[in-house]
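upload_10.cif (mmCIF, C-alpha atoms and all ligand atoms) appears below.
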```
data_upload
#
loop_
_atom_site.group_PDB
_atom_site.id
_atom_site.type_symbol
_atom_site.label_atom_id
_atom_site.label_comp_id
_atom_site.auth_asym_id
_atom_site.auth_seq_id
_atom_site.Cartn_x
_atom_site.Cartn_y
_atom_site.Cartn_z
ATOM 1 C CA MET A 1 0.000 0.000 0.000
ATOM 2 C CA LYS A 2 1.314 3.461 -0.889
ATOM 3 C CA PRO A 3 1.572 6.285 1.661
ATOM 4 C CA ARG A 4 -1.583 8.285 2.272
ATOM 5 C CA ALA A 5 -1.923 11.350 0.063
ATOM 6 C CA ARG A 6 -0.738 14.433 1.970
ATOM 7 C CA HIS A 7 -3.019 17.091 0.525
ATOM 8 C CA SER A 8 -6.395 15.447 0.267
ATOM 9 C CA LEU A 9 -9.759 16.902 1.255
ATOM 10 C CA LEU A 10 -11.874 14.034 2.542
ATOM 11 C CA THR A 11 -14.016 15.615 5.256
ATOM 12 C CA THR A 12 -14.607 18.894 7.058
ATOM 13 C CA GLU A 13 -14.413 17.079 10.407
ATOM 14 C CA GLY A 14 -11.269 18.225 12.166
ATOM 15 C CA MET A 15 -10.570 21.176 9.853
ATOM 16 C CA SER A 16 -9.428 24.153 11.899
ATOM 17 C CA ARG A 17 -11.004 27.567 11.680
ATOM 18 C CA SER A 18 -7.798 29.002 10.229
ATOM 19 C CA GLU A 19 -7.681 26.305 7.528
ATOM 20 C CA VAL A 20 -11.254 27.127 6.513
ATOM 21 C CA GLU A 21 -10.631 30.873 6.608
ATOM 22 C CA SER A 22 -7.453 30.505 4.517
ATOM 23 C CA LEU A 23 -9.462 28.624 1.900
ATOM 24 C CA PHE A 24 -12.071 31.373 1.978
ATOM 25 C CA ALA A 25 -9.379 34.026 1.467
ATOM 26 C CA ARG A 26 -8.170 32.191 -1.648
ATOM 27 C CA ALA A 27 -11.765 31.640 -2.825
ATOM 28 C CA ARG A 28 -12.280 35.395 -2.632
ATOM 29 C CA VAL A 29 -9.216 35.938 -4.836
ATOM 30 C CA HIS A 30 -10.512 33.334 -7.296
ATOM 31 C CA ALA A 31 -14.018 34.846 -7.330
ATOM 32 C CA ARG A 32 -12.477 38.187 -8.333
ATOM 33 C CA GLY A 33 -10.350 36.446 -10.983
ATOM 34 C CA LEU A 34 -13.395 34.703 -12.447
ATOM 35 C CA GLU A 35 -15.281 37.979 -12.539
ATOM 36 C CA SER A 36 -12.479 39.827 -14.304
ATOM 37 C CA GLY A 37 -11.635 36.930 -16.617
ATOM 38 C CA ARG A 38 -8.064 36.817 -15.226
ATOM 39 C CA SER A 39 -7.872 33.707 -13.068
ATOM 40 C CA VAL A 40 -4.728 32.610 -11.250
ATOM 41 C CA ARG A 41 -3.256 29.830 -13.440
ATOM 42 C CA ALA A 42 -1.985 27.896 -10.424
ATOM 43 C CA LEU A 43 -2.467 24.432 -11.981
ATOM 44 C CA GLU A 44 -0.918 25.094 -15.390
ATOM 45 C CA GLY A 45 0.643 21.818 -16.609
ATOM 46 C CA LYS A 46 -1.237 19.703 -14.058
ATOM 47 C CA VAL A 47 -4.017 17.194 -14.658
ATOM 48 C CA VAL A 48 -7.179 16.830 -12.560
ATOM 49 C CA ALA A 49 -9.411 13.762 -13.019
ATOM 50 C CA ASN A 50 -13.092 13.859 -12.117
ATOM 51 C CA LEU A 51 -14.152 10.313 -11.214
ATOM 52 C CA PHE A 52 -17.910 10.262 -10.753
ATOM 53 C CA PHE A 53 -19.382 6.880 -9.856
ATOM 54 C CA GLU A 54 -22.669 8.572 -8.944
ATOM 55 C CA ALA A 55 -24.763 11.193 -10.744
ATOM 56 C CA SER A 56 -23.940 14.879 -10.390
ATOM 57 C CA THR A 57 -24.585 18.157 -12.155
ATOM 58 C CA ARG A 58 -23.279 20.948 -9.913
ATOM 59 C CA THR A 59 -20.294 19.263 -8.273
ATOM 60 C CA ARG A 60 -18.828 17.667 -11.407
ATOM 61 C CA LEU A 61 -19.244 20.702 -13.649
ATOM 62 C CA SER A 62 -18.099 23.041 -10.924
ATOM 63 C CA PHE A 63 -14.885 21.066 -10.289
ATOM 64 C CA GLU A 64 -14.299 20.965 -14.059
ATOM 65 C CA ARG A 65 -14.839 24.706 -14.355
ATOM 66 C CA ALA A 66 -12.584 25.310 -11.345
ATOM 67 C CA ALA A 67 -9.759 23.102 -12.647
ATOM 68 C CA LYS A 68 -9.863 24.658 -16.122
ATOM 69 C CA ALA A 69 -9.926 28.183 -14.711
ATOM 70 C CA LEU A 70 -6.727 27.306 -12.816
ATOM 71 C CA GLY A 71 -5.126 26.150 -16.083
ATOM 72 C CA ALA A 72 -5.285 22.385 -15.437
ATOM 73 C CA ASP A 73 -6.088 19.729 -18.002
ATOM 74 C CA VAL A 74 -9.222 17.851 -16.966
ATOM 75 C CA LEU A 75 -10.127 14.196 -17.432
ATOM 76 C CA ASN A 76 -13.776 13.341 -16.959
ATOM 77 C CA PHE A 77 -14.942 9.855 -16.095
ATOM 78 C CA THR A 78 -18.448 8.575 -15.561
ATOM 79 C CA ALA A 79 -18.751 5.059 -14.213
ATOM 80 C CA GLN A 80 -21.511 4.008 -16.625
ATOM 81 C CA ALA A 81 -19.235 4.632 -19.614
ATOM 82 C CA SER A 82 -16.111 3.087 -18.073
ATOM 83 C CA SER A 83 -14.566 -0.315 -17.416
ATOM 84 C CA VAL A 84 -16.395 -0.341 -14.077
ATOM 85 C CA VAL A 85 -19.240 -1.917 -16.064
ATOM 86 C CA LYS A 86 -16.804 -4.770 -16.878
ATOM 87 C CA GLY A 87 -16.139 -5.291 -13.177
ATOM 88 C CA GLU A 88 -13.043 -3.143 -12.580
ATOM 89 C CA THR A 89 -12.714 -2.249 -8.896
ATOM 90 C CA LEU A 90 -12.546 1.232 -7.415
ATOM 91 C CA MET A 91 -8.950 0.588 -6.353
ATOM 92 C CA ASP A 92 -7.836 -0.515 -9.802
ATOM 93 C CA THR A 93 -9.662 2.401 -11.373
ATOM 94 C CA VAL A 94 -8.022 5.059 -9.189
ATOM 95 C CA ARG A 95 -4.562 3.530 -9.523
ATOM 96 C CA ASN A 96 -4.852 3.337 -13.300
ATOM 97 C CA VAL A 97 -6.064 6.912 -13.592
ATOM 98 C CA GLU A 98 -3.290 8.085 -11.261
ATOM 99 C CA ALA A 99 -0.769 6.318 -13.500
ATOM 100 C CA MET A 100 -1.742 8.744 -16.293
ATOM 101 C CA GLY A 101 -0.002 11.472 -14.313
ATOM 102 C CA VAL A 102 -2.860 13.182 -12.515
ATOM 103 C CA ALA A 103 -2.226 15.583 -9.642
ATOM 104 C CA ALA A 104 -5.682 15.213 -8.103
ATOM 105 C CA LEU A 105 -8.578 12.778 -8.236
ATOM 106 C CA VAL A 106 -12.000 14.252 -7.510
ATOM 107 C CA ILE A 107 -14.166 11.313 -6.478
ATOM 108 C CA ARG A 108 -17.895 10.879 -5.971
ATOM 109 C CA HIS A 109 -19.138 7.452 -4.960
ATOM 110 C CA SER A 110 -22.281 5.980 -3.443
ATOM 111 C CA ALA A 111 -20.274 4.088 -0.794
ATOM 112 C CA SER A 112 -19.437 5.944 2.421
ATOM 113 C CA GLY A 113 -15.670 5.845 2.869
ATOM 114 C CA ALA A 114 -14.860 5.410 -0.837
ATOM 115 C CA ALA A 115 -12.731 8.560 -1.046
ATOM 116 C CA HIS A 116 -10.816 7.613 2.122
ATOM 117 C CA LEU A 117 -10.160 4.168 0.699
ATOM 118 C CA ALA A 118 -8.937 5.620 -2.588
ATOM 119 C CA ALA A 119 -6.661 8.061 -0.754
ATOM 120 C CA ARG A 120 -4.925 5.145 0.956
ATOM 121 C CA HIS A 121 -3.996 3.631 -2.399
ATOM 122 C CA VAL A 122 -2.715 6.611 -4.392
ATOM 123 C CA ARG A 123 -0.024 9.236 -3.882
ATOM 124 C CA CYS A 124 -1.855 12.070 -5.632
ATOM 125 C CA ALA A 125 -4.420 14.254 -3.890
ATOM 126 C CA VAL A 126 -7.945 12.966 -3.434
ATOM 127 C CA VAL A 127 -10.865 15.352 -3.131
ATOM 128 C CA ASN A 128 -14.068 13.843 -1.793
ATOM 129 C CA ALA A 129 -16.938 15.054 -3.994
ATOM 130 C CA GLY A 130 -19.498 13.131 -1.920
ATOM 131 C CA ASP A 131 -19.300 9.610 -0.496
ATOM 132 C CA GLY A 132 -22.548 7.864 0.330
ATOM 133 C CA THR A 133 -24.228 9.367 3.372
ATOM 134 C CA HIS A 134 -20.886 10.315 4.915
ATOM 135 C CA ALA A 135 -19.369 13.590 3.710
ATOM 136 C CA HIS A 136 -19.505 16.288 1.044
ATOM 137 C CA PRO A 137 -16.819 18.697 2.192
ATOM 138 C CA SER A 138 -16.688 20.989 -0.835
ATOM 139 C CA GLN A 139 -20.464 21.540 -0.573
ATOM 140 C CA ALA A 140 -20.174 22.467 3.091
ATOM 141 C CA LEU A 141 -17.297 24.831 2.392
ATOM 142 C CA LEU A 142 -19.194 26.579 -0.403
ATOM 143 C CA ASP A 143 -22.311 26.808 1.793
ATOM 144 C CA ALA A 144 -20.347 28.338 4.646
ATOM 145 C CA PHE A 145 -18.526 30.646 2.214
ATOM 146 C CA THR A 146 -21.876 31.867 0.857
ATOM 147 C CA LEU A 147 -23.005 32.756 4.381
ATOM 148 C CA HIS A 148 -19.629 34.248 5.274
ATOM 149 C CA GLU A 149 -19.680 36.534 2.227
ATOM 150 C CA ARG A 150 -23.180 37.663 3.137
ATOM 151 C CA TRP A 151 -22.703 38.193 6.850
ATOM 152 C CA GLY A 152 -18.972 38.871 7.208
ATOM 153 C CA SER A 153 -18.828 36.318 10.035
ATOM 154 C CA LEU A 154 -20.792 33.261 11.145
ATOM 155 C CA ASP A 155 -20.088 33.851 14.830
ATOM 156 C CA GLY A 156 -23.316 33.599 16.834
ATOM 157 C CA LYS A 157 -25.518 33.008 13.780
ATOM 158 C CA THR A 158 -28.099 30.203 13.786
ATOM 159 C CA VAL A 159 -28.371 27.864 10.815
ATOM 160 C CA LEU A 160 -31.342 25.513 10.652
ATOM 161 C CA ILE A 161 -30.753 22.296 8.702
ATOM 162 C CA LEU A 162 -34.146 20.963 7.717
ATOM 163 C CA GLY A 163 -35.159 17.556 6.396
ATOM 164 C CA ASP A 164 -33.596 14.193 5.687
ATOM 165 C CA VAL A 165 -30.544 14.513 7.936
ATOM 166 C CA LEU A 166 -30.104 10.755 8.252
ATOM 167 C CA HIS A 167 -29.116 10.311 4.607
ATOM 168 C CA SER A 168 -27.409 13.667 4.168
ATOM 169 C CA ARG A 169 -23.662 13.956 3.716
ATOM 170 C CA VAL A 170 -24.306 17.691 3.233
ATOM 171 C CA ALA A 171 -25.820 17.981 6.733
ATOM 172 C CA ARG A 172 -22.930 16.169 8.384
ATOM 173 C CA SER A 173 -20.231 18.151 6.595
ATOM 174 C CA ASN A 174 -22.037 21.411 7.256
ATOM 175 C CA LEU A 175 -22.416 20.665 10.958
ATOM 176 C CA PHE A 176 -18.629 20.395 11.331
ATOM 177 C CA CYS A 177 -17.846 23.382 9.117
ATOM 178 C CA LEU A 178 -20.479 25.773 10.463
ATOM 179 C CA THR A 179 -19.749 25.075 14.131
ATOM 180 C CA THR A 180 -16.009 25.483 13.492
ATOM 181 C CA LEU A 181 -16.819 28.971 12.196
ATOM 182 C CA GLY A 182 -18.824 29.845 15.318
ATOM 183 C CA ALA A 183 -22.403 29.246 14.116
ATOM 184 C CA HIS A 184 -25.114 27.391 16.051
ATOM 185 C CA VAL A 185 -26.585 24.489 14.073
ATOM 186 C CA VAL A 186 -30.169 23.390 14.723
ATOM 187 C CA PHE A 187 -31.837 20.385 13.104
ATOM 188 C CA ALA A 188 -35.490 19.792 12.304
ATOM 189 C CA GLY A 189 -37.263 17.118 10.306
ATOM 190 C CA PRO A 190 -39.040 13.795 10.651
ATOM 191 C CA PRO A 191 -37.856 11.896 13.771
ATOM 192 C CA THR A 192 -37.299 8.830 11.560
ATOM 193 C CA LEU A 193 -34.761 10.848 9.534
ATOM 194 C CA MET A 194 -32.762 12.201 12.509
ATOM 195 C CA PRO A 195 -29.628 10.181 13.229
ATOM 196 C CA ALA A 196 -28.478 9.614 16.787
ATOM 197 C CA GLY A 197 -25.535 11.631 18.083
ATOM 198 C CA LEU A 198 -26.187 15.051 16.497
ATOM 199 C CA GLU A 199 -25.873 16.772 19.872
ATOM 200 C CA GLU A 200 -22.596 15.011 20.632
ATOM 201 C CA MET A 201 -21.340 16.382 17.295
ATOM 202 C CA GLY A 202 -22.210 19.963 18.286
ATOM 203 C CA GLY A 203 -25.731 20.354 16.878
ATOM 204 C CA ARG A 204 -29.103 20.824 18.568
ATOM 205 C CA LEU A 205 -32.501 19.271 17.851
ATOM 206 C CA ALA A 206 -35.292 21.835 17.477
ATOM 207 C CA PRO A 207 -38.295 21.384 19.777
ATOM 208 C CA SER A 208 -40.508 22.143 16.758
ATOM 209 C CA LEU A 209 -40.108 23.280 13.176
ATOM 210 C CA GLU A 210 -41.998 26.500 13.908
ATOM 211 C CA ALA A 211 -39.655 27.396 16.796
ATOM 212 C CA ALA A 212 -36.627 26.603 14.682
ATOM 213 C CA LEU A 213 -37.796 28.796 11.796
ATOM 214 C CA ALA A 214 -38.346 31.742 14.146
ATOM 215 C CA GLU A 215 -34.736 31.693 15.400
ATOM 216 C CA ALA A 216 -32.899 30.874 12.158
ATOM 217 C CA ASP A 217 -30.651 33.305 10.299
ATOM 218 C CA ALA A 218 -30.445 30.757 7.488
ATOM 219 C CA VAL A 219 -32.381 27.624 6.683
ATOM 220 C CA MET A 220 -30.602 24.944 4.729
ATOM 221 C CA VAL A 221 -33.262 22.734 3.176
ATOM 222 C CA LEU A 222 -32.100 19.197 2.416
ATOM 223 C CA ARG A 223 -33.174 17.154 -0.557
ATOM 224 C CA VAL A 224 -35.412 14.170 0.153
ATOM 225 C CA GLN A 225 -33.100 11.449 -1.119
ATOM 226 C CA GLY A 226 -35.351 8.973 -2.877
ATOM 227 C CA GLU A 227 -32.352 6.921 -4.019
ATOM 228 C CA ARG A 228 -31.247 6.302 -0.409
ATOM 229 C CA GLN A 229 -34.702 5.664 1.088
ATOM 230 C CA THR A 230 -34.921 1.912 1.395
ATOM 231 C CA ALA A 231 -36.592 1.324 4.747
ATOM 232 C CA GLY A 232 -39.884 3.229 4.578
ATOM 233 C CA TYR A 233 -38.721 6.231 6.625
ATOM 234 C CA LEU A 234 -41.474 8.385 5.123
ATOM 235 C CA PRO A 235 -45.188 7.631 4.967
ATOM 236 C CA SER A 236 -45.409 9.461 1.601
ATOM 237 C CA VAL A 237 -43.826 12.328 -0.255
ATOM 238 C CA ARG A 238 -47.082 14.287 -0.004
ATOM 239 C CA GLU A 239 -47.116 13.812 3.778
ATOM 240 C CA TYR A 240 -43.486 14.947 3.964
ATOM 241 C CA ALA A 241 -44.260 18.109 1.984
ATOM 242 C CA ARG A 242 -47.211 18.887 4.259
ATOM 243 C CA LEU A 243 -45.364 18.342 7.537
ATOM 244 C CA TYR A 244 -41.796 19.410 6.767
ATOM 245 C CA GLY A 245 -41.672 21.127 3.370
ATOM 246 C CA LEU A 246 -40.612 24.788 3.393
ATOM 247 C CA SER A 247 -43.838 26.282 2.084
ATOM 248 C CA ALA A 248 -44.406 30.004 1.554
ATOM 249 C CA GLU A 249 -46.408 30.043 4.780
ATOM 250 C CA ARG A 250 -43.546 28.484 6.767
ATOM 251 C CA ALA A 251 -40.949 30.696 5.075
ATOM 252 C CA ALA A 252 -42.961 33.730 6.226
ATOM 253 C CA ARG A 253 -42.057 32.738 9.821
ATOM 254 C CA LEU A 254 -38.361 33.346 9.137
ATOM 255 C CA ARG A 255 -36.708 36.454 10.530
ATOM 256 C CA PRO A 256 -36.428 39.426 8.174
ATOM 257 C CA GLY A 257 -33.186 38.984 6.224
ATOM 258 C CA ALA A 258 -32.947 35.228 6.824
ATOM 259 C CA VAL A 259 -31.804 33.279 3.780
ATOM 260 C CA VAL A 260 -32.986 30.025 2.225
ATOM 261 C CA MET A 261 -30.357 27.571 0.971
ATOM 262 C CA HIS A 262 -30.497 24.242 -0.840
ATOM 263 C CA PRO A 263 -27.548 22.177 -2.119
ATOM 264 C CA GLY A 264 -29.519 21.019 -5.174
ATOM 265 C CA PRO A 265 -31.052 19.289 -6.956
ATOM 266 C CA VAL A 266 -34.347 20.650 -5.583
ATOM 267 C CA ASN A 267 -37.446 18.464 -5.433
ATOM 268 C CA ARG A 268 -39.827 21.341 -6.111
ATOM 269 C CA GLY A 269 -43.041 21.020 -4.156
ATOM 270 C CA VAL A 270 -41.568 18.375 -1.826
ATOM 271 C CA GLU A 271 -38.932 19.829 0.524
ATOM 272 C CA LEU A 272 -39.145 23.310 -0.983
ATOM 273 C CA ALA A 273 -42.078 25.185 -2.512
ATOM 274 C CA PRO A 274 -41.272 26.625 -5.961
ATOM 275 C CA GLU A 275 -42.160 30.162 -4.841
ATOM 276 C CA VAL A 276 -39.663 29.880 -1.966
ATOM 277 C CA ALA A 277 -36.980 28.282 -4.165
ATOM 278 C CA ASP A 278 -37.269 31.263 -6.520
ATOM 279 C CA GLY A 279 -38.207 33.845 -3.883
ATOM 280 C CA PRO A 280 -36.234 36.837 -2.598
ATOM 281 C CA ALA A 281 -34.706 35.000 0.386
ATOM 282 C CA ASN A 282 -33.120 32.247 -1.711
ATOM 283 C CA VAL A 283 -29.342 32.172 -2.246
ATOM 284 C CA ILE A 284 -29.345 28.886 -4.152
ATOM 285 C CA LEU A 285 -27.657 30.141 -7.306
ATOM 286 C CA ALA A 286 -25.194 32.183 -5.253
ATOM 287 C CA GLN A 287 -24.208 28.864 -3.627
ATOM 288 C CA VAL A 288 -23.550 27.431 -7.091
ATOM 289 C CA SER A 289 -21.522 30.456 -8.216
ATOM 290 C CA HIS A 290 -19.457 30.466 -5.030
ATOM 291 C CA GLY A 291 -18.885 26.755 -5.549
ATOM 292 C CA VAL A 292 -16.551 27.411 -8.464
ATOM 293 C CA ALA A 293 -14.324 29.809 -6.521
ATOM 294 C CA VAL A 294 -14.299 27.580 -3.437
ATOM 295 C CA ARG A 295 -13.393 24.526 -5.521
ATOM 296 C CA MET A 296 -10.604 26.512 -7.166
ATOM 297 C CA ALA A 297 -9.251 27.188 -3.676
ATOM 298 C CA ILE A 298 -9.567 23.498 -2.798
ATOM 299 C CA LEU A 299 -7.809 22.284 -5.952
ATOM 300 C CA GLU A 300 -5.102 24.904 -5.581
ATOM 301 C CA ALA A 301 -4.439 23.708 -2.019
ATOM 302 C CA CYS A 302 -4.536 19.998 -2.893
ATOM 303 C CA ALA A 303 -3.194 19.413 -6.437
HETATM 304 N N1 LIG A 401 -25.098 19.610 -4.413
HETATM 305 C C1 LIG A 401 -24.725 18.591 -5.193
HETATM 306 O O1 LIG A 401 -23.895 17.772 -4.812
HETATM 307 O O2 LIG A 401 -25.312 18.574 -6.439
HETATM 308 P P1 LIG A 401 -24.958 17.517 -7.560
HETATM 309 O O3 LIG A 401 -25.429 16.163 -7.089
HETATM 310 O O4 LIG A 401 -25.696 17.971 -8.794
HETATM 311 O O5 LIG A 401 -23.472 17.515 -7.747
#
```
Mind turning this structure into structure tokens?
Amino acid sequence: MKPRARHSLLTTEGMSRSEVESLFARARVHARGLESGRSVRALEGKVVANLFFEASTRTRLSFERAAKALGADVLNFTAQASSVVKGETLMDTVRNVEAMGVAALVIRHSASGAAHLAARHVRCAVVNAGDGTHAHPSQALLDAFTLHERWGSLDGKTVLILGDVLHSRVARSNLFCLTTLGAHVVFAGPPTLMPAGLEEMGGRLAPSLEAALAEADAVMVLRVQGERQTAGYLPSVREYARLYGLSAERAARLRPGAVVMHPGPVNRGVELAPEVADGPANVILAQVSHGVAVRMAILEACA
């Protein structure tokens, strides 16, 4: 087994505040570069491979945009069109792609721990682009960056994470990142979709959705993950929308100036009403735009 990659981003758990803030400082530089059309070409001559074993729109395209803006060559892989369909293992795949001279592998996989496993078998950097229900660090960093750019600081702010927390790698990664930056994280959603141990990890369970909405500076609405619902956690999608969906009526309970976030893709009319998704409080497309600059900062630090 080869030594563990030294500059990988696998999780936000354990990242220090100064590490996160340094990334944000670079993301700010990259955001300005993207706006002016004069990006820092920090990865000129390097190769970044996007290995997506699971579907993605925002994360894959955003990492590709980020790598190209930094001057890297980009290899794109989707499992369905690869030798994975002939039975090639994850380990063989990552080692073969690394052998083509890549500086960083950006990996999304449906198995929790896949990126960690890959990182133990290659010398290049590994960036976790989402592994099962475990972690999605670049999403959490871009979410926190979006709030940081809006507020100047997350200290003392309250972020409500609403919905299917049990299956959400976004919720877990955000909990670590947001609390590291000084925010309070509150969870609300169906009891069947609340994992044990959130309080031990620094979060708080809301006594009710209504109470949580009234105290939130931001509400991060999670996608109902149909593809990971195997054990009948929900009576029905319609019931979910009625009890936990962020409707216009519920959104009206938010404080003035509170923002509505969603990592995408949105199930319109399920976890988020269309008029809220497109309404004045939403920062959903700002999250996507910030994602490019944040992923540039991540690739610059890792590759
Ligand atoms: N937020 C997110 O991970 O979106 P994609 O699945 O489209 O990459």
Each chain A residue no farther than 8 Å from ligand LIG 401 (chain A), nearest pair in Å, all atoms listed in the file, as a Markdown table:
```
| residue | atom | partner | partner_atom | distance |
| --- | --- | --- | --- | --- |
| A:Ala55 | CA | A:LIG401 | O3 | 6.2 |
| A:Ser56 | CA | A:LIG401 | O5 | 3.8 |
| A:Thr57 | CA | A:LIG401 | O4 | 3.5 |
| A:Arg58 | CA | A:LIG401 | O4 | 4.0 |
| A:Thr59 | CA | A:LIG401 | O5 | 3.7 |
| A:Arg60 | CA | A:LIG401 | O5 | 5.9 |
| A:Leu61 | CA | A:LIG401 | O5 | 7.9 |
| A:Ala129 | CA | A:LIG401 | O1 | 7.5 |
| A:Gly130 | CA | A:LIG401 | O1 | 7.0 |
| A:His136 | CA | A:LIG401 | O1 | 7.5 |
| A:Gln139 | CA | A:LIG401 | N1 | 6.3 |
| A:Val170 | CA | A:LIG401 | N1 | 7.9 |
| A:His262 | CA | A:LIG401 | N1 | 8.0 |
| A:Pro263 | CA | A:LIG401 | N1 | 4.2 |
| A:Gly264 | CA | A:LIG401 | N1 | 4.7 |
| A:Pro265 | CA | A:LIG401 | O2 | 5.8 |
```
Keeping only C-alpha atoms, write those residues as a compact mmCIF listing (two decimals), keeping the file's coordinate frame.
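Output contents, as saved in selection-v3.txt:
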```txt
# COMPACT_ATOMS: atom_id res chain seq x y z
CA ALA A 55 -24.76 11.19 -10.74
CA SER A 56 -23.94 14.88 -10.39
CA THR A 57 -24.58 18.16 -12.16
CA ARG A 58 -23.28 20.95 -9.91
CA THR A 59 -20.29 19.26 -8.27
CA ARG A 60 -18.83 17.67 -11.41
CA LEU A 61 -19.24 20.70 -13.65
CA ALA A 129 -16.94 15.05 -3.99
CA GLY A 130 -19.50 13.13 -1.92
CA HIS A 136 -19.50 16.29 1.04
CA GLN A 139 -20.46 21.54 -0.57
CA VAL A 170 -24.31 17.69 3.23
CA HIS A 262 -30.50 24.24 -0.84
CA PRO A 263 -27.55 22.18 -2.12
CA GLY A 264 -29.52 21.02 -5.17
CA PRO A 265 -31.05 19.29 -6.96
```
- Query: If we count only C-alpha atoms, what is near Ala248 in chain A at a cut-off of 7 Å, once residues fewer than 3 positions away on the same chain are taken out, given as a list in words?
  - Reply: Ala251, Ala252, Ala273, Glu275 and Val276 of chain A
Apply the PyMOL selection byres (((chain A and resi 67) around 12) and not hetatm) to the structure shown and report the selected residues as an mmCIF file with C-alpha atoms, keeping the file's coordinate frame.
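Result file is out_4.cif:
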```cif
data_model
loop_
_atom_site.group_PDB
_atom_site.id
_atom_site.type_symbol
_atom_site.label_atom_id
_atom_site.label_comp_id
_atom_site.auth_asym_id
_atom_site.auth_seq_id
_atom_site.Cartn_x
_atom_site.Cartn_y
_atom_site.Cartn_z
ATOM 1 C CA HIS A 30 -10.512 33.334 -7.296
ATOM 2 C CA SER A 39 -7.872 33.707 -13.068
ATOM 3 C CA VAL A 40 -4.728 32.610 -11.250
ATOM 4 C CA ARG A 41 -3.256 29.830 -13.440
ATOM 5 C CA ALA A 42 -1.985 27.896 -10.424
ATOM 6 C CA LEU A 43 -2.467 24.432 -11.981
ATOM 7 C CA GLU A 44 -0.918 25.094 -15.390
ATOM 8 C CA GLY A 45 0.643 21.818 -16.609
ATOM 9 C CA LYS A 46 -1.237 19.703 -14.058
ATOM 10 C CA VAL A 47 -4.017 17.194 -14.658
ATOM 11 C CA VAL A 48 -7.179 16.830 -12.560
ATOM 12 C CA ALA A 49 -9.411 13.762 -13.019
ATOM 13 C CA ASN A 50 -13.092 13.859 -12.117
ATOM 14 C CA ARG A 60 -18.828 17.667 -11.407
ATOM 15 C CA LEU A 61 -19.244 20.702 -13.649
ATOM 16 C CA SER A 62 -18.099 23.041 -10.924
ATOM 17 C CA PHE A 63 -14.885 21.066 -10.289
ATOM 18 C CA GLU A 64 -14.299 20.965 -14.059
ATOM 19 C CA ARG A 65 -14.839 24.706 -14.355
ATOM 20 C CA ALA A 66 -12.584 25.310 -11.345
ATOM 21 C CA LYS A 68 -9.863 24.658 -16.122
ATOM 22 C CA ALA A 69 -9.926 28.183 -14.711
ATOM 23 C CA LEU A 70 -6.727 27.306 -12.816
ATOM 24 C CA GLY A 71 -5.126 26.150 -16.083
ATOM 25 C CA ALA A 72 -5.285 22.385 -15.437
ATOM 26 C CA ASP A 73 -6.088 19.729 -18.002
ATOM 27 C CA VAL A 74 -9.222 17.851 -16.966
ATOM 28 C CA LEU A 75 -10.127 14.196 -17.432
ATOM 29 C CA ASN A 76 -13.776 13.341 -16.959
ATOM 30 C CA ALA A 103 -2.226 15.583 -9.642
ATOM 31 C CA ALA A 104 -5.682 15.213 -8.103
ATOM 32 C CA LEU A 105 -8.578 12.778 -8.236
ATOM 33 C CA VAL A 106 -12.000 14.252 -7.510
ATOM 34 C CA VAL A 292 -16.551 27.411 -8.464
ATOM 35 C CA ALA A 293 -14.324 29.809 -6.521
ATOM 36 C CA VAL A 294 -14.299 27.580 -3.437
ATOM 37 C CA ARG A 295 -13.393 24.526 -5.521
ATOM 38 C CA MET A 296 -10.604 26.512 -7.166
ATOM 39 C CA ALA A 297 -9.251 27.188 -3.676
ATOM 40 C CA ILE A 298 -9.567 23.498 -2.798
ATOM 41 C CA LEU A 299 -7.809 22.284 -5.952
ATOM 42 C CA GLU A 300 -5.102 24.904 -5.581
ATOM 43 C CA ALA A 301 -4.439 23.708 -2.019
ATOM 44 C CA CYS A 302 -4.536 19.998 -2.893
ATOM 45 C CA ALA A 303 -3.194 19.413 -6.437
#
```
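Of note, CA of Asn174 in chain A and CA of Gly113 in chain A are spaced 17.4 Å apart.
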- Task: Tell me which of A:Leu193, A:Cys177, A:Val237, A:Val219 sits closest to Ala277 in chain A, counting only C-alpha atoms.
- Result: A:Val219
- Task: Give the answer as one residue: which of A:Thr192, A:Thr158, A:Arg38, A:Gly163 has the shortest atom-to-atom distance to Gly232 in chain A, using all atoms listed in the file?
- Result: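 Of all the options, A:Thr192 lies closest to Gly232 in chain A.
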- Record the distance separating CA of Met100 in chain A and CA of Val122 in chain A, expressed in Å with one decimal. 12.1 Å
- Task: Spell out the residues picked by the PyMOL selection byres (((chain A and resi 168) around 12) and not hetatm) here, as JSON, numbers by chain.
- Result: {"A": [110, 112, 130, 131, 132, 133, 134, 135, 136, 137, 139, 140, 161, 162, 163, 164, 165, 166, 167, 169, 170, 171, 172, 173, 174, 175, 193, 194, 195, 220, 221, 222, 223, 224, 225, 226, 227, 228, 229, 263]}
- Name the residues captured by the PyMOL selection byres (((chain A and resi 82-98) around 9) and not hetatm) when it is applied to the shown file; answer as a VMD selection string. chain A and resid 49 51 53 77 to 81 99 to 105 114 117 to 118 121 to 124
- Item | Nearest to Ile284 in chain A, chosen from A:Leu23, A:Ala188, A:Leu147, A:Met15, with all atoms listed in the file counted in the distances |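 Closest to Ile284 in chain A of all the choices is A:Leu147.
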- Go through A:Gly245, A:Arg238, A:Val185, A:Asp217 and flag the residue nearest Ala281 in chain A, using all atoms listed in the file for the distances.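 Between A:Gly245, A:Arg238, A:Val185, A:Asp217, the residue approaching Ala281 in chain A most closely is A:Asp217.
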Where's the centre, and what are the edge lengths in Å to one decimal, of a box along x, y and z enclosing all listed atoms of range 90-101 of chain A padded 4 Å per side, as AutoDock Vina command-line options?
```
--center_x -6.3 --center_y 5.5 --center_z -11.3 --size_x 20.5 --size_y 20.0 --size_z 17.9
```
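Between CA of Ala115 in chain A and CA of Leu34 in chain A the separation is 28.5 Å.
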